[in-house]
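Asker: File follows, protein_8.cif with mmCIF, C-alpha atoms:
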```cif
data_upload
#
loop_
_atom_site.label_atom_id
_atom_site.label_comp_id
_atom_site.auth_asym_id
_atom_site.auth_seq_id
_atom_site.Cartn_x
_atom_site.Cartn_y
_atom_site.Cartn_z
CA MET A 77 187.68 81.78 -33.11
CA ILE A 78 186.55 79.69 -30.13
CA ALA A 79 182.79 79.70 -29.64
CA PRO A 80 181.60 80.89 -26.22
CA ASP A 81 180.65 78.18 -23.76
CA PRO A 82 176.83 77.94 -23.85
CA TYR A 83 176.88 77.28 -20.11
CA ASP A 84 178.68 80.55 -19.39
CA PRO A 85 175.98 83.24 -19.04
CA THR A 86 178.60 85.94 -18.49
CA ALA A 87 180.28 85.42 -21.88
CA GLY A 88 180.50 88.75 -23.66
CA LEU A 89 178.84 90.62 -20.78
CA ASP A 90 180.23 93.04 -18.22
CA VAL A 91 178.47 91.67 -15.15
CA ALA A 92 180.18 93.94 -12.64
CA PRO A 93 177.49 96.65 -12.96
CA VAL A 94 174.79 93.99 -12.63
CA PHE A 95 176.20 92.63 -9.39
CA ALA A 96 176.78 96.14 -8.05
CA ARG A 97 173.13 96.97 -8.75
CA TRP A 98 171.99 93.80 -6.99
CA ARG A 99 174.07 94.65 -3.93
CA ALA A 100 172.69 98.19 -3.79
CA TRP A 101 169.12 96.92 -4.11
CA SER A 102 169.81 94.31 -1.43
CA ASP A 103 171.28 96.86 0.96
CA ALA A 104 168.15 98.96 0.47
CA VAL A 105 165.83 96.05 1.23
CA ARG A 106 167.69 95.27 4.44
CA ALA A 107 167.37 98.93 5.44
CA GLU A 108 163.67 99.15 4.60
CA ILE A 109 162.11 95.82 5.63
CA PRO A 110 162.43 94.26 9.11
CA HIS A 111 164.53 91.12 9.04
CA ALA A 112 166.53 88.68 11.13
CA ARG A 113 170.16 88.89 10.07
CA ASP A 114 172.89 86.23 9.88
CA LEU A 115 170.97 83.40 11.52
CA ARG A 116 173.33 80.44 11.83
CA TYR A 117 171.94 77.17 10.52
CA GLY A 118 175.08 75.04 10.50
CA PRO A 119 178.61 74.72 11.92
CA SER A 120 180.69 76.47 9.26
CA PRO A 121 181.05 80.28 9.04
CA ASP A 122 179.37 80.21 5.62
CA GLU A 123 176.16 78.66 6.95
CA THR A 124 174.03 81.70 7.67
CA LEU A 125 170.77 83.06 6.35
CA ASP A 126 168.63 86.17 6.53
CA LEU A 127 164.92 85.91 7.17
CA ILE A 128 162.49 88.59 6.03
CA VAL A 129 158.99 88.14 7.44
CA PRO A 130 156.35 90.73 6.44
CA HIS A 131 153.76 89.51 8.98
CA ALA A 132 153.10 86.67 11.38
CA GLY A 133 151.93 83.46 9.74
CA ALA A 134 153.52 84.23 6.37
CA PRO A 135 154.41 81.33 4.07
CA LEU A 136 158.09 81.00 3.26
CA VAL A 137 160.19 81.00 0.09
CA VAL A 138 163.69 79.65 0.72
CA PHE A 139 165.98 81.21 -1.89
CA PHE A 140 169.39 79.88 -3.01
CA HIS A 141 171.52 82.31 -4.98
CA GLY A 142 173.44 81.55 -8.16
CA GLY A 143 177.07 82.15 -9.06
CA TYR A 144 178.01 78.67 -10.30
CA TRP A 145 178.65 77.54 -6.71
CA ARG A 146 181.89 79.59 -6.69
CA ARG A 147 180.84 83.21 -6.06
CA MET A 148 178.10 85.51 -4.76
CA HIS A 149 176.75 85.81 -1.24
CA LYS A 150 173.34 86.04 0.33
CA ASP A 151 173.93 89.77 0.88
CA ASP A 152 174.03 90.24 -2.90
CA ASN A 153 170.58 88.71 -3.34
CA THR A 154 168.34 90.10 -0.60
CA PHE A 155 166.53 92.13 -3.23
CA VAL A 156 164.57 89.02 -4.31
CA ALA A 157 162.54 89.39 -1.09
CA ARG A 158 161.17 92.84 -1.90
CA GLY A 159 158.42 91.80 -4.30
CA LEU A 160 157.44 88.71 -2.33
CA ALA A 161 157.12 90.70 0.91
CA ARG A 162 154.52 92.93 -0.74
CA HIS A 163 152.43 89.79 -1.26
CA GLY A 164 152.77 88.75 2.38
CA VAL A 165 155.36 86.05 1.67
CA ALA A 166 158.46 85.62 3.82
CA THR A 167 161.85 84.94 2.27
CA ALA A 168 164.92 83.19 3.64
CA ILE A 169 168.04 84.14 1.67
CA VAL A 170 170.56 81.37 2.25
CA ASN A 171 174.34 81.64 2.24
CA TYR A 172 176.56 78.60 1.65
CA GLY A 173 180.17 77.63 1.09
CA LEU A 174 181.77 78.10 -2.30
CA ALA A 175 183.74 75.85 -4.65
CA PRO A 176 186.49 74.87 -5.10
CA ALA A 177 187.21 75.15 -1.38
CA VAL A 178 183.91 73.42 -0.61
CA PRO A 179 182.85 70.41 -2.76
CA LEU A 180 179.42 70.42 -4.32
CA GLU A 181 178.26 67.52 -2.14
CA THR A 182 178.96 69.65 0.93
CA ILE A 183 177.25 72.70 -0.59
CA THR A 184 174.18 70.55 -1.29
CA ALA A 185 174.23 69.25 2.29
CA GLN A 186 174.40 72.83 3.54
CA ALA A 187 171.34 73.79 1.49
CA ARG A 188 169.43 70.85 2.93
CA ARG A 189 170.58 71.75 6.42
CA ALA A 190 169.26 75.29 5.92
CA VAL A 191 165.81 73.97 5.02
CA GLY A 192 165.85 71.63 8.01
CA TRP A 193 166.87 74.46 10.32
CA LEU A 194 164.06 76.65 8.98
CA ARG A 195 161.50 73.89 9.54
CA ALA A 196 162.63 73.63 13.15
CA ASN A 197 163.19 77.30 13.95
CA ALA A 198 161.41 79.69 11.60
CA THR A 199 158.09 79.46 13.46
CA ALA A 200 159.70 81.46 16.24
CA HIS A 201 160.21 84.24 13.68
CA GLY A 202 156.55 84.22 12.61
CA VAL A 203 156.80 81.93 9.59
CA ASP A 204 154.27 79.27 8.65
CA VAL A 205 156.71 76.44 7.97
CA LYS A 206 153.90 74.20 6.69
CA ARG A 207 154.02 76.37 3.56
CA LEU A 208 157.63 76.21 2.42
CA VAL A 209 158.69 76.76 -1.20
CA VAL A 210 162.29 76.13 -2.26
CA ALA A 211 163.55 78.39 -5.04
CA GLY A 212 166.83 79.20 -6.70
CA HIS A 213 168.55 80.99 -9.54
CA SER A 214 171.05 79.25 -11.82
CA ALA A 215 173.22 77.06 -9.54
CA GLY A 216 170.65 77.73 -6.85
CA GLY A 217 168.13 75.83 -8.93
CA GLN A 218 170.17 72.68 -8.42
CA LEU A 219 170.21 73.29 -4.67
CA ALA A 220 166.46 73.90 -4.54
CA GLY A 221 165.78 70.72 -6.47
CA MET A 222 168.08 68.65 -4.28
CA CYS A 223 166.26 69.93 -1.18
CA ALA A 224 162.97 68.69 -2.65
CA VAL A 225 164.61 65.31 -3.34
CA GLU A 226 165.52 64.94 0.34
CA ALA A 227 162.22 65.94 1.95
CA PRO A 228 158.73 67.05 0.85
CA VAL A 229 158.23 70.78 0.26
CA THR A 230 155.24 72.88 -0.76
CA ALA A 231 156.61 73.74 -4.22
CA VAL A 232 159.80 74.21 -6.24
CA ALA A 233 160.60 77.27 -8.36
CA THR A 234 163.77 77.55 -10.41
CA LEU A 235 164.94 80.46 -12.55
CA SER A 236 167.56 79.66 -15.19
CA GLY A 237 168.24 76.59 -13.08
CA LEU A 238 170.86 73.91 -13.61
CA HIS A 239 169.22 70.52 -13.06
CA ASP A 240 171.33 67.98 -14.99
CA LEU A 241 175.01 68.53 -14.19
CA ARG A 242 176.43 66.00 -16.60
CA PRO A 243 177.01 68.57 -19.39
CA LEU A 244 179.04 70.69 -16.97
CA ILE A 245 181.82 68.08 -17.08
CA ARG A 246 182.68 69.54 -20.50
CA SER A 247 182.00 73.17 -19.54
CA PHE A 248 183.99 76.13 -18.29
CA ALA A 249 182.88 75.21 -14.73
CA GLN A 250 184.73 71.90 -14.62
CA PRO A 251 187.98 73.33 -13.19
CA TRP A 252 186.28 74.25 -9.90
CA LEU A 253 183.61 71.52 -9.86
CA GLN A 254 185.82 68.57 -10.85
CA LEU A 255 182.79 66.41 -11.67
CA ASP A 256 182.78 62.90 -13.07
CA ASP A 257 179.78 61.05 -14.47
CA THR A 258 178.89 59.40 -11.16
CA ARG A 259 179.09 62.56 -9.07
CA ALA A 260 177.28 64.66 -11.67
CA ALA A 261 174.40 62.20 -11.85
CA ALA A 262 174.11 61.95 -8.06
CA LEU A 263 173.90 65.76 -7.80
CA SER A 264 171.37 66.24 -10.61
CA PRO A 265 167.78 66.67 -9.38
CA ALA A 266 166.44 66.04 -12.88
CA LEU A 267 167.84 62.50 -12.65
CA LEU A 268 166.34 61.88 -9.20
CA ALA A 269 162.81 61.65 -7.84
CA PRO A 270 161.26 64.23 -5.53
CA ALA A 271 160.50 63.08 -2.00
CA ALA A 272 156.82 63.61 -2.85
CA PRO A 273 154.93 64.95 -5.88
CA VAL A 274 155.09 68.73 -5.71
CA PRO A 275 154.15 71.71 -7.87
CA VAL A 276 157.16 72.71 -9.97
CA PHE A 277 157.69 75.94 -11.88
CA ALA A 278 160.75 76.57 -14.03
CA ARG A 279 161.47 79.63 -16.13
CA THR A 280 164.35 80.56 -18.41
CA GLY A 281 165.00 83.70 -20.37
CA SER A 282 164.40 83.47 -24.11
CA ARG A 283 167.70 85.31 -24.59
CA GLU A 284 169.63 82.56 -22.78
CA SER A 285 171.42 79.73 -24.54
CA ALA A 286 169.56 76.70 -25.82
CA GLU A 287 171.33 74.65 -23.16
CA PHE A 288 169.94 76.73 -20.30
CA ARG A 289 166.46 76.56 -21.83
CA TRP A 290 166.84 72.79 -22.18
CA GLN A 291 167.80 72.54 -18.50
CA GLY A 292 164.48 74.12 -17.48
CA SER A 293 162.19 72.25 -19.84
CA MET A 294 163.91 68.91 -19.23
CA PHE A 295 163.60 69.28 -15.44
CA VAL A 296 159.88 69.94 -15.72
CA SER A 297 159.39 66.93 -17.99
CA ALA A 298 161.42 64.68 -15.70
CA TRP A 299 159.49 65.59 -12.55
CA ARG A 300 156.15 65.55 -14.32
CA ALA A 301 156.89 61.86 -14.90
CA HIS A 302 157.12 61.52 -11.10
CA GLY A 303 153.59 62.88 -10.67
CA CYS A 304 154.44 66.56 -10.20
CA ASP A 305 152.21 69.34 -11.47
CA ALA A 306 155.03 70.94 -13.42
CA ALA A 307 155.17 73.92 -15.79
CA TYR A 308 157.92 75.57 -17.81
CA ASP A 309 157.88 78.91 -19.57
CA GLU A 310 160.18 81.58 -20.95
CA SER A 311 160.21 85.36 -20.80
CA ASP A 312 162.08 88.00 -22.77
CA ASP A 313 165.12 87.98 -20.49
CA ASP A 314 168.75 87.09 -20.25
CA HIS A 315 170.24 85.16 -17.33
CA PHE A 316 170.36 88.24 -15.11
CA THR A 317 167.34 90.35 -16.02
CA LEU A 318 165.17 87.31 -15.26
CA LEU A 319 166.12 87.37 -11.57
CA GLU A 320 165.68 91.14 -11.38
CA ARG A 321 161.96 90.69 -11.99
CA LEU A 322 161.58 89.61 -8.36
CA ASP A 323 162.37 93.14 -7.21
CA ASN A 324 159.00 94.19 -8.65
CA PRO A 325 155.92 93.01 -6.70
CA HIS A 326 153.72 93.51 -9.78
CA ASP A 327 155.81 91.45 -12.17
CA PRO A 328 154.01 88.24 -13.24
CA LEU A 329 157.02 86.18 -12.15
CA THR A 330 156.86 87.55 -8.60
CA VAL A 331 153.12 86.95 -8.55
CA ARG A 332 153.58 83.38 -9.80
CA ILE A 333 156.05 82.45 -7.09
CA ALA A 334 154.02 84.19 -4.39
CA GLU A 335 150.96 82.22 -5.48
CA LEU A 336 152.88 78.95 -5.10
CA ALA A 337 153.39 79.82 -1.44
CA LEU A 338 150.04 81.43 -0.73
CA SER A 339 147.90 78.79 -2.44
CA ALA A 340 149.16 75.98 -0.23
CA ALA A 341 146.83 74.88 2.54
CA ALA A 342 147.71 76.71 5.73
#
```
Go ahead and express the file in the form of structure tokens.

Answerer:
Amino acid sequence: MIAPDPYDPTAGLDVAPVFARWRAWSDAVRAEIPHARDLRYGPSPDETLDLIVPHAGAPLVVFFHGGYWRRMHKDDNTFVARGLARHGVATAIVNYGLAPAVPLETITAQARRAVGWLRANATAHGVDVKRLVVAGHSAGGQLAGMCAVEAPVTAVATLSGLHDLRPLIRSFAQPWLQLDDTRAAALSPALLAPAAPVPVFARTGSRESAEFRWQGSMFVSAWRAHGCDAAYDESDDDHFTLLERLDNPHDPLTVRIAELALSAAA
């Protein structure tokens, strides 16, 4: 019997009900909370984002969804804004192109372009862009980290994030990523320095594989060496229940990420 790939969080799971639940929650958030829809931040049709702003002057969490860079859409992940909005934190849910049609270098450039567009334009939507946290789930953790490598941000938060892509060369994701050692290293935030020391928070579910847990703890250790105030912890979650915590404004994870945004000097 072939052992499941430790980098495949869907192994042995029927994720269709999970993704259907996320989409229903996300549809509900868009119906309940005022938002700016499908704001275009770049030239390709994939480069759009939604911006949910609970009040004028709110700090911003920029969220990059997971899906191993090959699936999911911003519209499946709007629910992450519900809990943060209750704390007075705005959320930008970013869409981006998907592999294999779009190479990972281009996806990373799109994520960085989204952050740059928000810095230049989100004030008009009531956001305090001086307080900008980049966050992501799974593959989105890589994108959040790479944004903090390019330019200073207020903080970085990654959930089940992928931060060193070199092991993926030997994983189930290689057919659509087509990485080699040089490309993997250049796209790995754990192997790069942040643009400036920044608070970093990484969490993984204790029911995830040892490799996913290593990705989180190793990223924190690597950026702590660059002067970051960095912390790693685990909760009793799998890869998917961890993200669902953000739907609850009272969950300690939601509170932790909201505090990263709110505690920054206005």

Asker: Can you pull out the residues contacting Ala271 (chain A)? Cut-off 8 Å, using only C-alpha atoms, and skip same-chain residues under 2 positions away; I want them as an mmCIF file with C-alpha atoms, keeping the file's coordinate frame.

Answerer:
```cif
data_model
loop_
_atom_site.group_PDB
_atom_site.id
_atom_site.type_symbol
_atom_site.label_atom_id
_atom_site.label_comp_id
_atom_site.auth_asym_id
_atom_site.auth_seq_id
_atom_site.Cartn_x
_atom_site.Cartn_y
_atom_site.Cartn_z
ATOM 1 C CA ALA A 224 162.970 68.690 -2.650
ATOM 2 C CA VAL A 225 164.610 65.310 -3.340
ATOM 3 C CA GLU A 226 165.520 64.940 0.340
ATOM 4 C CA ALA A 227 162.220 65.940 1.950
ATOM 5 C CA PRO A 228 158.730 67.050 0.850
ATOM 6 C CA ALA A 269 162.810 61.650 -7.840
ATOM 7 C CA PRO A 273 154.930 64.950 -5.880
#
```

Asker: Excluding Ile245 (chain A) and its own-chain neighbours fewer than 3 positions away, which residues fall within 10 Å of it when counting all atoms listed in the file? Please give them as a PyMOL selection string.

Answerer: chain A and resi 241-242+248-251+253-257+260

Asker: Could you check how far CA of Asp204 (chain A) sits from CA of Val129 (chain A), in Å to one decimal?

Answerer: 10.1 Å

Asker: Near Leu267 (chain A), counting only C-alpha atoms, which residues have an atom at most 12 Å away, once you skip same-chain residues fewer than 2 positions from it, shown as a list in words?

Answerer: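 My list of contacting residues is Gln218, Gly221, Met222, Val225, Leu238, His239, Asp240, Leu241, Arg242, Thr258, Arg259, Ala260, Ala261, Ala262, Leu263, Ser264, Pro265, Ala269, Pro270, Gln291, Met294, Phe295, Val296, Ser297, Ala298, Trp299, Ala301 and His302 of chain A.
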
Asker: Pick out the closest residue to Asp323 (chain A) from this set: A:Phe140, A:Leu127, A:Ala161, A:Gly118. Count only C-alpha atoms.

Answerer: A:Ala161

Asker: One decimal, Å: what's the distance from CA of Ala87 (chain A) over to CA of Ala187 (chain A), could you say?

Answerer: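 Taking CA of Ala87 (chain A) and CA of Ala187 (chain A), their separation equals 27.6 Å.
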
Asker: Pull out every residue that the PyMOL selection byres ((chain A and resi 186) around 9) matches in the shown coordinates and put them as JSON, numbers by chain.

Answerer: {"A": [117, 118, 123, 171, 172, 173, 181, 182, 183, 184, 185, 187, 188, 189, 190, 191]}

Asker: What do you get, as a list in words, if you spell out every residue that the PyMOL selection byres ((chain A and resi 146) around 10) selects here?

Answerer: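 With the shown file as input, the PyMOL selection byres ((chain A and resi 146) around 10) matches Gly142, Gly143, Tyr144, Trp145, Arg147, Met148, His149, Tyr172, Gly173, Leu174, Ala175, Pro176, Ala177, Val178, Leu180, Ala215, Ala249, Trp252 and Leu253 of chain A.
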